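Below is the file upload_3.tsv, which contains TSV, C-alpha atoms and all ligand atoms.
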```
chain	number	residue	atom	x	y	z
A	644	MET	CA	-100.84	78.82	-41.26
A	645	ASN	CA	-103.41	76.30	-40.14
A	646	VAL	CA	-103.42	72.66	-40.99
A	647	ASP	CA	-106.09	71.82	-43.59
A	648	PRO	CA	-109.06	70.71	-41.46
A	649	LYS	CA	-110.33	68.46	-44.25
A	650	ARG	CA	-107.41	66.21	-43.44
A	651	ASN	CA	-108.81	65.58	-39.99
A	652	LEU	CA	-109.92	62.03	-39.80
A	653	PRO	CA	-112.73	60.18	-38.19
A	654	ASP	CA	-114.35	60.36	-41.67
A	655	GLN	CA	-111.60	58.32	-43.32
A	656	PRO	CA	-111.52	55.01	-41.46
A	657	GLU	CA	-109.41	53.39	-44.15
A	658	ARG	CA	-106.52	55.64	-43.13
A	659	CYS	CA	-106.78	54.22	-39.61
A	660	THR	CA	-106.48	50.72	-41.02
A	661	ASP	CA	-103.45	51.79	-43.10
A	662	PHE	CA	-101.84	53.37	-40.05
A	663	SER	CA	-102.39	50.33	-37.93
A	664	GLN	CA	-101.04	47.94	-40.56
A	665	LEU	CA	-97.99	50.07	-41.28
A	666	LEU	CA	-97.18	50.36	-37.59
A	667	LEU	CA	-97.55	46.63	-36.91
A	668	ALA	CA	-95.30	45.89	-39.89
A	669	TRP	CA	-92.53	48.17	-38.60
A	670	ASP	CA	-89.36	46.43	-39.76
A	671	ASN	CA	-86.91	47.85	-37.28
A	672	ALA	CA	-89.25	47.71	-34.35
A	673	LEU	CA	-87.91	46.66	-31.00
A	674	PRO	CA	-91.17	46.61	-29.06
A	675	GLY	CA	-90.58	47.99	-25.62
A	676	ARG	CA	-87.04	49.18	-26.48
A	677	GLY	CA	-85.58	46.78	-23.91
A	678	LEU	CA	-87.11	48.79	-21.05
A	679	PRO	CA	-87.46	46.82	-17.81
A	680	TRP	CA	-91.26	46.96	-17.84
A	681	ALA	CA	-91.61	45.96	-21.50
A	682	HIS	CA	-93.40	42.65	-22.12
A	683	GLU	CA	-94.78	42.68	-18.61
A	684	SER	CA	-98.13	41.02	-18.30
A	685	ASP	CA	-98.34	41.53	-14.55
A	686	PRO	CA	-100.89	44.36	-14.32
A	687	TYR	CA	-99.31	45.62	-11.10
A	688	ARG	CA	-95.96	46.20	-12.80
A	689	VAL	CA	-97.56	47.66	-15.92
A	690	TRP	CA	-99.55	50.02	-13.68
A	691	VAL	CA	-96.49	51.16	-11.68
A	692	SER	CA	-94.51	51.79	-14.88
A	693	GLU	CA	-97.38	53.68	-16.52
A	694	ILE	CA	-97.83	55.94	-13.50
A	695	MET	CA	-94.09	56.63	-13.29
A	696	LEU	CA	-93.95	57.39	-17.02
A	697	GLN	CA	-96.56	60.14	-16.74
A	698	GLN	CA	-94.72	63.44	-17.35
A	699	THR	CA	-91.39	61.63	-17.04
A	700	GLN	CA	-88.95	60.21	-19.58
A	701	ALA	CA	-88.29	56.47	-19.67
A	702	LYS	CA	-84.57	56.78	-18.94
A	703	THR	CA	-85.33	58.73	-15.75
A	704	VAL	CA	-87.92	56.18	-14.69
A	705	ILE	CA	-85.74	53.04	-15.04
A	706	PRO	CA	-83.84	53.19	-11.69
A	707	TYR	CA	-86.95	54.33	-9.81
A	708	PHE	CA	-89.00	51.47	-11.27
A	709	GLU	CA	-86.34	48.90	-10.42
A	710	ARG	CA	-85.95	50.11	-6.82
A	711	PHE	CA	-89.71	50.31	-6.36
A	712	ILE	CA	-90.37	46.79	-7.64
A	713	GLU	CA	-87.50	45.39	-5.62
A	714	ARG	CA	-88.96	46.86	-2.45
A	715	PHE	CA	-92.62	46.23	-3.35
A	716	PRO	CA	-92.63	43.16	-5.60
A	717	ALA	CA	-96.40	42.68	-5.31
A	718	ILE	CA	-99.37	44.95	-4.79
A	719	ILE	CA	-99.87	43.64	-1.25
A	720	ASP	CA	-96.34	44.81	-0.33
A	721	LEU	CA	-97.18	48.29	-1.55
A	722	ALA	CA	-100.52	48.33	0.25
A	723	ASP	CA	-98.88	47.25	3.53
A	724	ALA	CA	-96.05	49.79	3.38
A	725	PRO	CA	-96.17	53.10	5.21
A	726	LEU	CA	-96.80	56.07	2.90
A	727	ASP	CA	-93.54	57.62	4.07
A	728	GLU	CA	-91.59	54.76	2.59
A	729	VAL	CA	-93.41	55.02	-0.72
A	730	LEU	CA	-92.70	58.75	-0.85
A	731	ARG	CA	-89.05	58.14	0.02
A	732	LEU	CA	-88.68	55.85	-3.01
A	733	TRP	CA	-90.38	58.50	-5.14
A	734	THR	CA	-88.05	61.30	-4.00
A	735	GLY	CA	-86.68	63.06	-7.08
A	736	LEU	CA	-89.31	61.74	-9.49
A	737	GLY	CA	-91.66	64.67	-8.80
A	738	TYR	CA	-95.47	64.91	-9.02
A	739	TYR	CA	-95.82	63.24	-5.63
A	740	SER	CA	-99.59	62.93	-5.87
A	741	ARG	CA	-98.81	60.00	-8.20
A	742	ALA	CA	-97.11	58.16	-5.33
A	743	ARG	CA	-99.90	58.95	-2.88
A	744	ASN	CA	-102.53	57.75	-5.35
A	745	LEU	CA	-100.56	54.60	-6.12
A	746	HIS	CA	-100.46	53.76	-2.44
A	747	LYS	CA	-104.15	54.56	-1.97
A	748	ALA	CA	-105.11	52.50	-5.03
A	749	ALA	CA	-103.02	49.52	-3.82
A	750	ARG	CA	-104.97	49.56	-0.55
A	751	GLN	CA	-108.21	49.78	-2.50
A	752	VAL	CA	-107.26	46.76	-4.64
A	753	VAL	CA	-106.44	44.78	-1.49
A	754	ASP	CA	-109.65	45.81	0.31
A	755	GLN	CA	-112.04	45.69	-2.65
A	756	TYR	CA	-110.58	42.97	-4.88
A	757	ALA	CA	-108.72	40.77	-2.36
A	758	GLY	CA	-105.39	41.97	-3.79
A	759	ILE	CA	-106.14	40.83	-7.34
A	760	PHE	CA	-105.77	43.64	-9.83
A	761	PRO	CA	-109.15	44.30	-11.50
A	762	ARG	CA	-109.44	43.31	-15.17
A	763	SER	CA	-112.26	45.46	-16.47
A	764	PHE	CA	-111.51	48.86	-17.97
A	765	ALA	CA	-114.17	50.54	-15.81
A	766	GLU	CA	-112.71	49.14	-12.58
A	767	VAL	CA	-109.14	50.04	-13.56
A	768	PHE	CA	-110.24	53.54	-14.62
A	769	ALA	CA	-111.93	54.02	-11.25
A	770	LEU	CA	-108.69	53.55	-9.29
A	771	PRO	CA	-107.20	56.73	-7.78
A	772	GLY	CA	-104.72	58.41	-10.12
A	773	VAL	CA	-105.66	56.33	-13.18
A	774	GLY	CA	-106.85	58.33	-16.18
A	775	ARG	CA	-108.40	57.05	-19.39
A	776	SER	CA	-105.09	56.62	-21.22
A	777	THR	CA	-103.38	54.87	-18.29
A	778	ALA	CA	-106.36	52.53	-17.86
A	779	GLY	CA	-106.22	51.83	-21.60
A	780	ALA	CA	-102.51	51.05	-21.45
A	781	ILE	CA	-102.91	48.70	-18.47
A	782	CYS	CA	-105.81	46.81	-20.06
A	783	ALA	CA	-104.09	46.58	-23.45
A	784	LEU	CA	-100.61	45.64	-22.21
A	785	ALA	CA	-101.54	43.37	-19.32
A	786	PHE	CA	-104.83	41.83	-20.47
A	787	GLY	CA	-104.72	42.16	-24.26
A	788	VAL	CA	-107.94	44.19	-24.38
A	789	PRO	CA	-108.04	46.60	-27.37
A	790	THR	CA	-108.41	49.78	-25.33
A	791	PRO	CA	-106.80	52.89	-26.86
A	792	ILE	CA	-104.14	55.02	-25.24
A	793	LEU	CA	-103.48	58.69	-25.73
A	794	ASP	CA	-100.35	59.52	-23.80
A	795	GLY	CA	-98.04	62.32	-24.98
A	796	ASN	CA	-96.29	60.08	-27.50
A	797	ALA	CA	-99.45	58.65	-29.06
A	798	LYS	CA	-101.05	62.10	-29.17
A	799	ARG	CA	-98.11	63.54	-31.10
A	800	VAL	CA	-98.05	60.68	-33.62
A	801	TYR	CA	-101.81	60.77	-34.29
A	802	ALA	CA	-101.91	64.57	-34.53
A	803	ARG	CA	-99.14	64.55	-37.13
A	804	TYR	CA	-100.21	61.52	-39.11
A	805	PHE	CA	-103.85	62.59	-39.37
A	806	GLY	CA	-103.25	66.35	-39.36
A	807	ILE	CA	-105.47	66.93	-36.33
A	808	ASP	CA	-105.33	70.60	-35.48
A	809	ASP	CA	-108.66	71.81	-34.09
A	810	GLU	CA	-108.24	75.09	-32.32
A	811	LYS	CA	-110.39	74.13	-29.34
A	812	GLU	CA	-108.68	71.61	-27.12
A	813	SER	CA	-111.89	69.73	-26.35
A	814	ALA	CA	-112.62	69.24	-30.08
A	815	ARG	CA	-109.02	68.23	-30.72
A	816	MET	CA	-109.08	65.68	-27.93
A	817	ARG	CA	-112.38	64.21	-29.15
A	818	ARG	CA	-110.89	63.67	-32.61
A	819	LEU	CA	-107.70	62.22	-31.21
A	820	TRP	CA	-109.62	59.74	-29.06
A	821	ARG	CA	-111.79	58.73	-32.02
A	822	VAL	CA	-108.71	58.12	-34.14
A	823	ALA	CA	-106.98	56.24	-31.30
A	824	GLU	CA	-110.02	54.01	-30.93
A	825	ALA	CA	-110.26	53.33	-34.66
A	826	CYS	CA	-106.53	52.63	-35.04
A	827	THR	CA	-105.94	50.39	-32.03
A	828	ALA	CA	-105.46	46.90	-33.39
A	829	LYS	CA	-108.11	44.47	-32.25
A	830	THR	CA	-106.00	41.33	-32.29
A	831	GLU	CA	-102.44	42.52	-31.64
A	832	CYS	CA	-103.25	45.30	-29.24
A	833	GLN	CA	-100.35	44.60	-26.87
A	834	LYS	CA	-97.86	44.93	-29.69
A	835	TYR	CA	-99.70	47.90	-31.20
A	836	THR	CA	-99.78	49.76	-27.87
A	837	GLN	CA	-96.11	49.16	-27.29
A	838	LEU	CA	-95.24	50.28	-30.82
A	839	ILE	CA	-97.21	53.53	-30.79
A	840	MET	CA	-95.41	54.50	-27.57
A	841	ASP	CA	-92.06	53.49	-29.08
A	842	LEU	CA	-92.72	55.39	-32.30
A	843	GLY	CA	-93.43	58.61	-30.40
A	844	ALA	CA	-90.45	58.13	-28.09
A	845	THR	CA	-87.82	57.25	-30.69
A	846	VAL	CA	-88.91	58.36	-34.19
A	847	CYS	CA	-91.75	60.86	-34.07
A	848	THR	CA	-90.01	62.92	-31.41
A	849	PRO	CA	-91.15	66.42	-30.41
A	850	ARG	CA	-88.26	68.04	-32.29
A	851	ASN	CA	-86.72	66.81	-35.55
A	852	PRO	CA	-88.82	63.69	-36.07
A	853	ALA	CA	-87.02	61.07	-38.17
A	854	CYS	CA	-89.63	60.89	-40.94
A	855	ASN	CA	-87.18	59.09	-43.25
A	856	ASN	CA	-87.05	56.16	-40.85
A	857	CYS	CA	-90.70	56.18	-39.93
A	858	PRO	CA	-92.83	53.12	-40.69
A	859	VAL	CA	-95.97	55.23	-41.26
A	860	SER	CA	-94.40	58.03	-43.32
A	861	SER	CA	-96.15	57.02	-46.54
A	862	GLY	CA	-99.50	58.23	-45.23
A	863	CYS	CA	-98.43	60.97	-42.84
A	864	TYR	CA	-100.04	64.37	-43.27
A	865	ALA	CA	-97.40	66.35	-41.37
A	866	SER	CA	-94.51	64.75	-43.23
A	867	GLU	CA	-96.15	65.23	-46.61
A	868	HIS	CA	-96.98	68.90	-45.92
A	869	GLY	CA	-93.84	69.91	-44.04
A	870	ALA	CA	-95.99	70.56	-40.97
A	871	THR	CA	-94.21	68.50	-38.31
A	872	HIS	CA	-93.17	71.69	-36.49
A	873	MET	CA	-96.83	72.84	-36.27
A	874	LEU	CA	-98.26	69.60	-34.96
A	875	PRO	CA	-99.34	68.79	-32.40
A	876	ARG	CA	-100.85	72.22	-31.72
A	877	LYS	CA	-99.32	73.74	-28.64
A	878	GLY	CA	-101.51	74.97	-25.82
A	879	GLN	CA	-101.07	78.54	-24.67
A	880	ARG	CA	-97.68	78.88	-23.06
A	881	LEU	CA	-97.98	80.14	-19.53
A	882	GLN	CA	-95.59	82.76	-18.26
A	883	ARG	CA	-93.30	80.96	-15.80
A	884	LYS	CA	-93.46	82.65	-12.41
A	885	THR	CA	-90.80	82.80	-9.74
A	886	LYS	CA	-91.76	82.26	-6.12
A	887	SER	CA	-89.52	82.75	-3.11
A	888	THR	CA	-89.38	81.21	0.32
A	889	ALA	CA	-86.94	80.61	3.16
A	890	MET	CA	-86.29	77.18	4.67
A	891	VAL	CA	-85.21	77.14	8.28
A	892	MET	CA	-82.74	74.39	9.18
A	893	VAL	CA	-83.07	74.20	12.96
A	894	ARG	CA	-80.67	71.86	14.74
A	895	ASN	CA	-80.81	70.78	18.35
A	896	ARG	CA	-77.75	70.02	20.42
A	897	ASN	CA	-77.71	66.38	19.22
A	898	GLY	CA	-77.33	67.61	15.66
A	899	GLU	CA	-80.85	66.52	14.73
A	900	VAL	CA	-82.81	68.74	12.36
A	901	LEU	CA	-86.40	69.89	12.64
A	902	LEU	CA	-88.55	68.55	9.81
A	903	GLU	CA	-92.23	69.04	9.19
A	904	ARG	CA	-94.54	66.92	7.08
A	905	ARG	CA	-96.11	69.06	4.37
A	906	PRO	CA	-99.88	69.00	3.87
A	907	ALA	CA	-101.13	66.45	1.30
A	908	ALA	CA	-102.35	69.22	-1.03
A	909	GLY	CA	-99.88	71.57	-2.69
A	910	ILE	CA	-96.28	71.16	-3.76
A	911	TRP	CA	-94.31	68.26	-2.29
A	912	GLY	CA	-97.52	67.06	-0.61
A	913	GLY	CA	-96.87	64.59	2.22
A	914	LEU	CA	-93.07	64.95	2.07
A	915	TRP	CA	-90.91	65.96	5.02
A	916	SER	CA	-89.34	69.37	4.65
A	917	PHE	CA	-87.63	72.11	6.62
A	918	PRO	CA	-90.21	74.57	7.95
A	919	GLU	CA	-90.79	77.38	5.50
A	920	PHE	CA	-90.71	80.98	6.62
A	921	ASP	CA	-91.92	83.99	4.65
A	922	GLY	CA	-91.50	86.80	7.17
A	923	THR	CA	-88.60	89.10	7.97
A	924	LEU	CA	-85.58	87.77	9.89
A	925	GLU	CA	-86.39	89.90	12.94
A	926	ASN	CA	-89.62	87.92	13.34
A	927	LEU	CA	-88.10	84.49	12.87
A	928	ALA	CA	-87.59	83.65	16.56
A	929	ASP	CA	-91.10	84.87	17.50
A	930	GLU	CA	-92.69	82.90	14.72
A	931	PHE	CA	-90.92	79.69	15.78
A	932	GLY	CA	-91.94	80.33	19.38
A	933	GLN	CA	-95.55	80.53	18.31
A	934	ARG	CA	-95.52	77.74	15.72
A	935	TYR	CA	-93.42	75.12	17.51
A	936	GLN	CA	-92.93	76.44	21.07
A	937	LEU	CA	-89.22	76.49	20.32
A	938	GLU	CA	-86.71	79.16	21.13
A	939	ILE	CA	-84.23	79.39	18.29
A	940	THR	CA	-81.20	81.46	17.34
A	941	LEU	CA	-80.27	82.23	13.75
A	942	ASP	CA	-76.64	81.32	12.97
A	943	GLU	CA	-76.16	81.64	9.21
A	944	GLU	CA	-77.84	82.66	5.99
A	945	TRP	CA	-76.84	80.48	3.07
A	946	GLU	CA	-76.78	81.38	-0.57
A	947	GLU	CA	-80.12	81.13	-2.32
A	948	LEU	CA	-80.81	78.04	-4.38
A	949	SER	CA	-83.31	77.51	-7.10
A	950	HIS	CA	-85.66	74.60	-7.84
A	951	GLU	CA	-87.61	74.24	-11.09
A	952	PHE	CA	-91.22	73.12	-11.24
A	953	THR	CA	-93.19	72.75	-14.47
A	954	HIS	CA	-95.02	76.04	-14.02
A	955	PHE	CA	-92.75	78.04	-11.77
A	956	ARG	CA	-89.30	78.42	-10.29
A	957	LEU	CA	-88.89	78.33	-6.52
A	958	LYS	CA	-86.07	80.36	-4.99
A	959	ILE	CA	-85.11	79.02	-1.58
A	960	LYS	CA	-83.13	80.94	1.02
A	961	PRO	CA	-81.68	78.44	3.52
A	962	LEU	CA	-81.36	79.75	7.08
A	963	LEU	CA	-79.31	77.79	9.62
A	964	ALA	CA	-80.54	78.08	13.19
A	965	ARG	CA	-80.22	76.24	16.48
A	966	VAL	CA	-82.44	75.52	19.42
A	967	ALA	CA	-81.59	77.73	22.36
A	968	GLU	CA	-80.10	75.90	25.31
A	969	LYS	CA	-83.03	76.30	27.63
A	970	THR	CA	-85.63	74.78	25.34
A	971	SER	CA	-85.89	71.02	25.16
A	972	GLY	CA	-86.95	70.69	21.55
A	973	ASN	CA	-89.40	67.95	22.51
A	974	LEU	CA	-92.26	68.08	20.07
A	975	THR	CA	-95.52	66.25	20.37
A	976	ARG	CA	-97.25	66.95	17.06
A	977	PRO	CA	-97.03	63.89	14.74
A	978	ASP	CA	-96.24	66.04	11.71
A	979	ILE	CA	-93.06	67.55	13.15
A	980	ALA	CA	-89.95	65.86	14.47
A	981	PHE	CA	-86.27	66.26	15.14
A	982	ILE	CA	-84.55	63.75	12.88
A	983	SER	CA	-80.99	62.46	12.93
A	984	ILE	CA	-79.18	63.26	9.72
A	985	ASP	CA	-76.54	60.56	10.23
A	986	SER	CA	-78.73	57.49	9.98
A	987	PRO	CA	-80.36	56.38	6.73
A	988	PHE	CA	-83.42	58.35	5.99
A	989	ASP	CA	-86.74	56.54	5.80
A	990	ARG	CA	-89.00	59.40	4.74
A	991	GLY	CA	-89.74	61.09	1.46
A	992	MET	CA	-88.32	64.56	1.16
A	993	PRO	CA	-88.03	67.14	-1.60
A	994	VAL	CA	-84.76	67.09	-3.53
A	995	PRO	CA	-83.57	70.54	-2.30
A	996	VAL	CA	-84.15	69.44	1.31
A	997	ALA	CA	-82.14	66.24	0.75
A	998	GLU	CA	-79.35	68.34	-0.78
A	999	LEU	CA	-79.36	70.75	2.15
A	1000	ILE	CA	-79.20	67.84	4.61
A	1001	ASP	CA	-76.16	66.51	2.71
A	1002	ARG	CA	-74.46	69.86	3.14
A	1003	LEU	CA	-75.46	70.04	6.80
A	1004	GLN	CA	-73.72	66.74	7.52
A	1005	ALA	CA	-70.38	68.44	6.94
A	1006	ILE	CA	-71.09	71.33	9.30
A	1007	PRO	CA	-70.27	70.86	12.99
A	1008	ILE	CA	-72.83	71.91	15.54
A	1009	ASN	CA	-72.28	75.40	16.84
A	1010	PRO	CA	-69.98	75.12	19.93
A	1011	GLU	CA	-72.26	77.54	21.83
A	1012	HIS	CA	-74.72	74.68	22.14
A	1101	LIG	S1	-93.69	60.54	-40.81
A	1101	LIG	FE1	-92.67	61.93	-39.43
A	1101	LIG	S2	-94.28	63.20	-38.55
A	1101	LIG	FE2	-95.26	61.46	-39.53
A	1101	LIG	S3	-95.57	59.99	-37.87
A	1101	LIG	FE3	-93.62	59.49	-38.87
A	1101	LIG	S4	-92.05	60.62	-37.74
A	1101	LIG	FE4	-94.04	61.47	-37.19
```
Now that the file is in, can you turn its structure into structure tokens?
Ligand code: SF4
Amino acid sequence: MNVDPKRNLPDQPERCTDFSQLLLAWDNALPGRGLPWAHESDPYRVWVSEIMLQQTQAKTVIPYFERFIERFPAIIDLADAPLDEVLRLWTGLGYYSRARNLHKAARQVVDQYAGIFPRSFAEVFALPGVGRSTAGAICALAFGVPTPILDGNAKRVYARYFGIDDEKESARMRRLWRVAEACTAKTECQKYTQLIMDLGATVCTPRNPACNNCPVSSGCYASEHGATHMLPRKGQRLQRKTKSTAMVMVRNRNGEVLLERRPAAGIWGGLWSFPEFDGTLENLADEFGQRYQLEITLDEEWEELSHEFTHFRLKIKPLLARVAEKTSGNLTRPDIAFISIDSPFDRGMPVPVAELIDRLQAIPINPEH
């Protein structure tokens, strides 16, 4: 059953006015829900919170945001920091390109705008990693400019309220943006922007929306037609694939482990990880000889562990190895290093690697060393 396309808006601007007024008059509203970035007018902090909130729930973001702002209280601190430190503070939050872009954009703001966050939508939108919705949120929340947002929460609310269900994603998005533009309050846009995000996060939730407690229920298409489960229209669900790899935990006689910085593109881009190995165990020593000029001996195979990504599951086979006595383990490439696992770690690393290092700390070095 499709949603009645005649209910799709743009042609009914009065419904946008109704929506906006109902939302702004929300009795039980607690704009910002007490979140640490709510009511921020510092564009730097709004920007950091908006980037962290992409694909991530607010409750997960809170400790990351607080640690990040404590370490980098101003954009200049972020711009001056080494990327490794930024990635370390991002470890566990996922989608690491967000952290790399944040760092790159901070440098751009310092170089191009003398460290003062740009105020125009076009300049904010042009920063690395900032999309239209994020730029809209920054301009609305920090500068009070009535620029619409269309994050996951706003998209869900608009699709349900206005019954927007076009089959083609491009047509659907065009309608959603038009509605978002028409609805965004011109004078109370900070409050409006905060409230539309709050409504999607707390009332108009993906499952079991609380229509009885919703401030806009009187005009909502999905609520009136029992169509909340059909809206927003879901994209085609991709079959989740499973990939497999082995991670080789090579220790030298000082107990340091060999880590390699991953390329910027691809999963865990820029993070430090154990070298991956996809060949057969008989070829492991040869491969390490060629790749790192290291002679290694395999000691143990650990039980496989699994790590979930949005589109696939990664099965990781950990292999514990050691550097043979006659090789020094001195490496000259800047993207590989033997690192002590006892001292505090100052580099970003994928969660499974951090977990494996934790386990390694309890394992004595092989006495044959
Ligand atoms: S009435 Fe229900 S479906 Fe409509 S916006 Fe409110 S919570 Fe969402």
Ligand LIG 1101 (chain A) neighbours within 7 Å using all atoms listed in the file, as a ChimeraX atom specification: /A:800,803-804,846-847,852-854,857-860,863-866,871
Spatial neighbours of A:Pro977, 10 Å, all atoms listed in the file, chain gap at least 2 places, as JSON, numbers by chain: {"A": [903, 904, 974, 975, 979, 980]}
Between atom CA of A:Tyr739 and atom CA of A:Arg905, distance in Å (one decimal): 11.6 Å
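Compared by their closest atoms to A:His954, and using all atoms listed in the file, the residues A:Cys782, A:Ile807, A:Ala1005, A:Ile910 rank with A:Ile910 nearest.
Here atom CA of A:Val773 is placed at a distance of 18.5 Å from atom CA of A:Ala701.
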Exercise: A:Leu962 partners within 8 Å, only C-alpha atoms, chain neighbours under 2 positions left out, as a ChimeraX atom specification: /A:889-892,941-945,960,964
Box for stretch 940-953 of chain A - axis-aligned, 5 Å on each of the six sides, all listed atoms - centre and size in Å to one decimal, as AutoDock Vina command-line options.
```
--center_x -84.7 --center_y 77.7 --center_z 1.4 --size_x 27.0 --size_y 19.9 --size_z 41.8
```
Spatial neighbours of A:Arg775, 12 Å, all atoms listed in the file, chain gap at least 3 places, as a list of chain:residue names: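 Near neighbours after the sequence-gap exclusion: A:Glu693, A:Phe764, A:Ala765, A:Glu766, A:Val767, A:Phe768, A:Ala769, A:Leu770, A:Pro771, A:Gly772, A:Ala778, A:Gly779, A:Ala780, A:Ile781, A:Cys782, A:Thr790, A:Pro791, A:Ile792, A:Leu793, A:Asp794, A:Trp820.
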All residues 7 Å or closer to A:Arg894, all atoms listed in the file, same chain fewer than 5 positions away omitted, as a VMD selection string: chain A and resid 899 to 901 964 to 966
Using only C-alpha atoms, which protein or nucleic acid residues come within 9 Å of A:Gly795? Drop anything in the same chain fewer than 2 positions from it, and give the result as a CSV table (one decimal) with C-alpha atoms, keeping the file's coordinate frame.
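After the write, around_35.csv holds the following:
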```
chain,number,residue,atom,x,y,z
A,697,GLN,CA,-96.6,60.1,-16.7
A,698,GLN,CA,-94.7,63.4,-17.4
A,793,LEU,CA,-103.5,58.7,-25.7
A,797,ALA,CA,-99.4,58.6,-29.1
A,798,LYS,CA,-101.0,62.1,-29.2
A,799,ARG,CA,-98.1,63.5,-31.1
A,800,VAL,CA,-98.0,60.7,-33.6
A,840,MET,CA,-95.4,54.5,-27.6
A,843,GLY,CA,-93.4,58.6,-30.4
```
Atom CA of A:Gly774 to atom CA of A:Phe952, distance in Å rounded to a single decimal: 22.1 Å
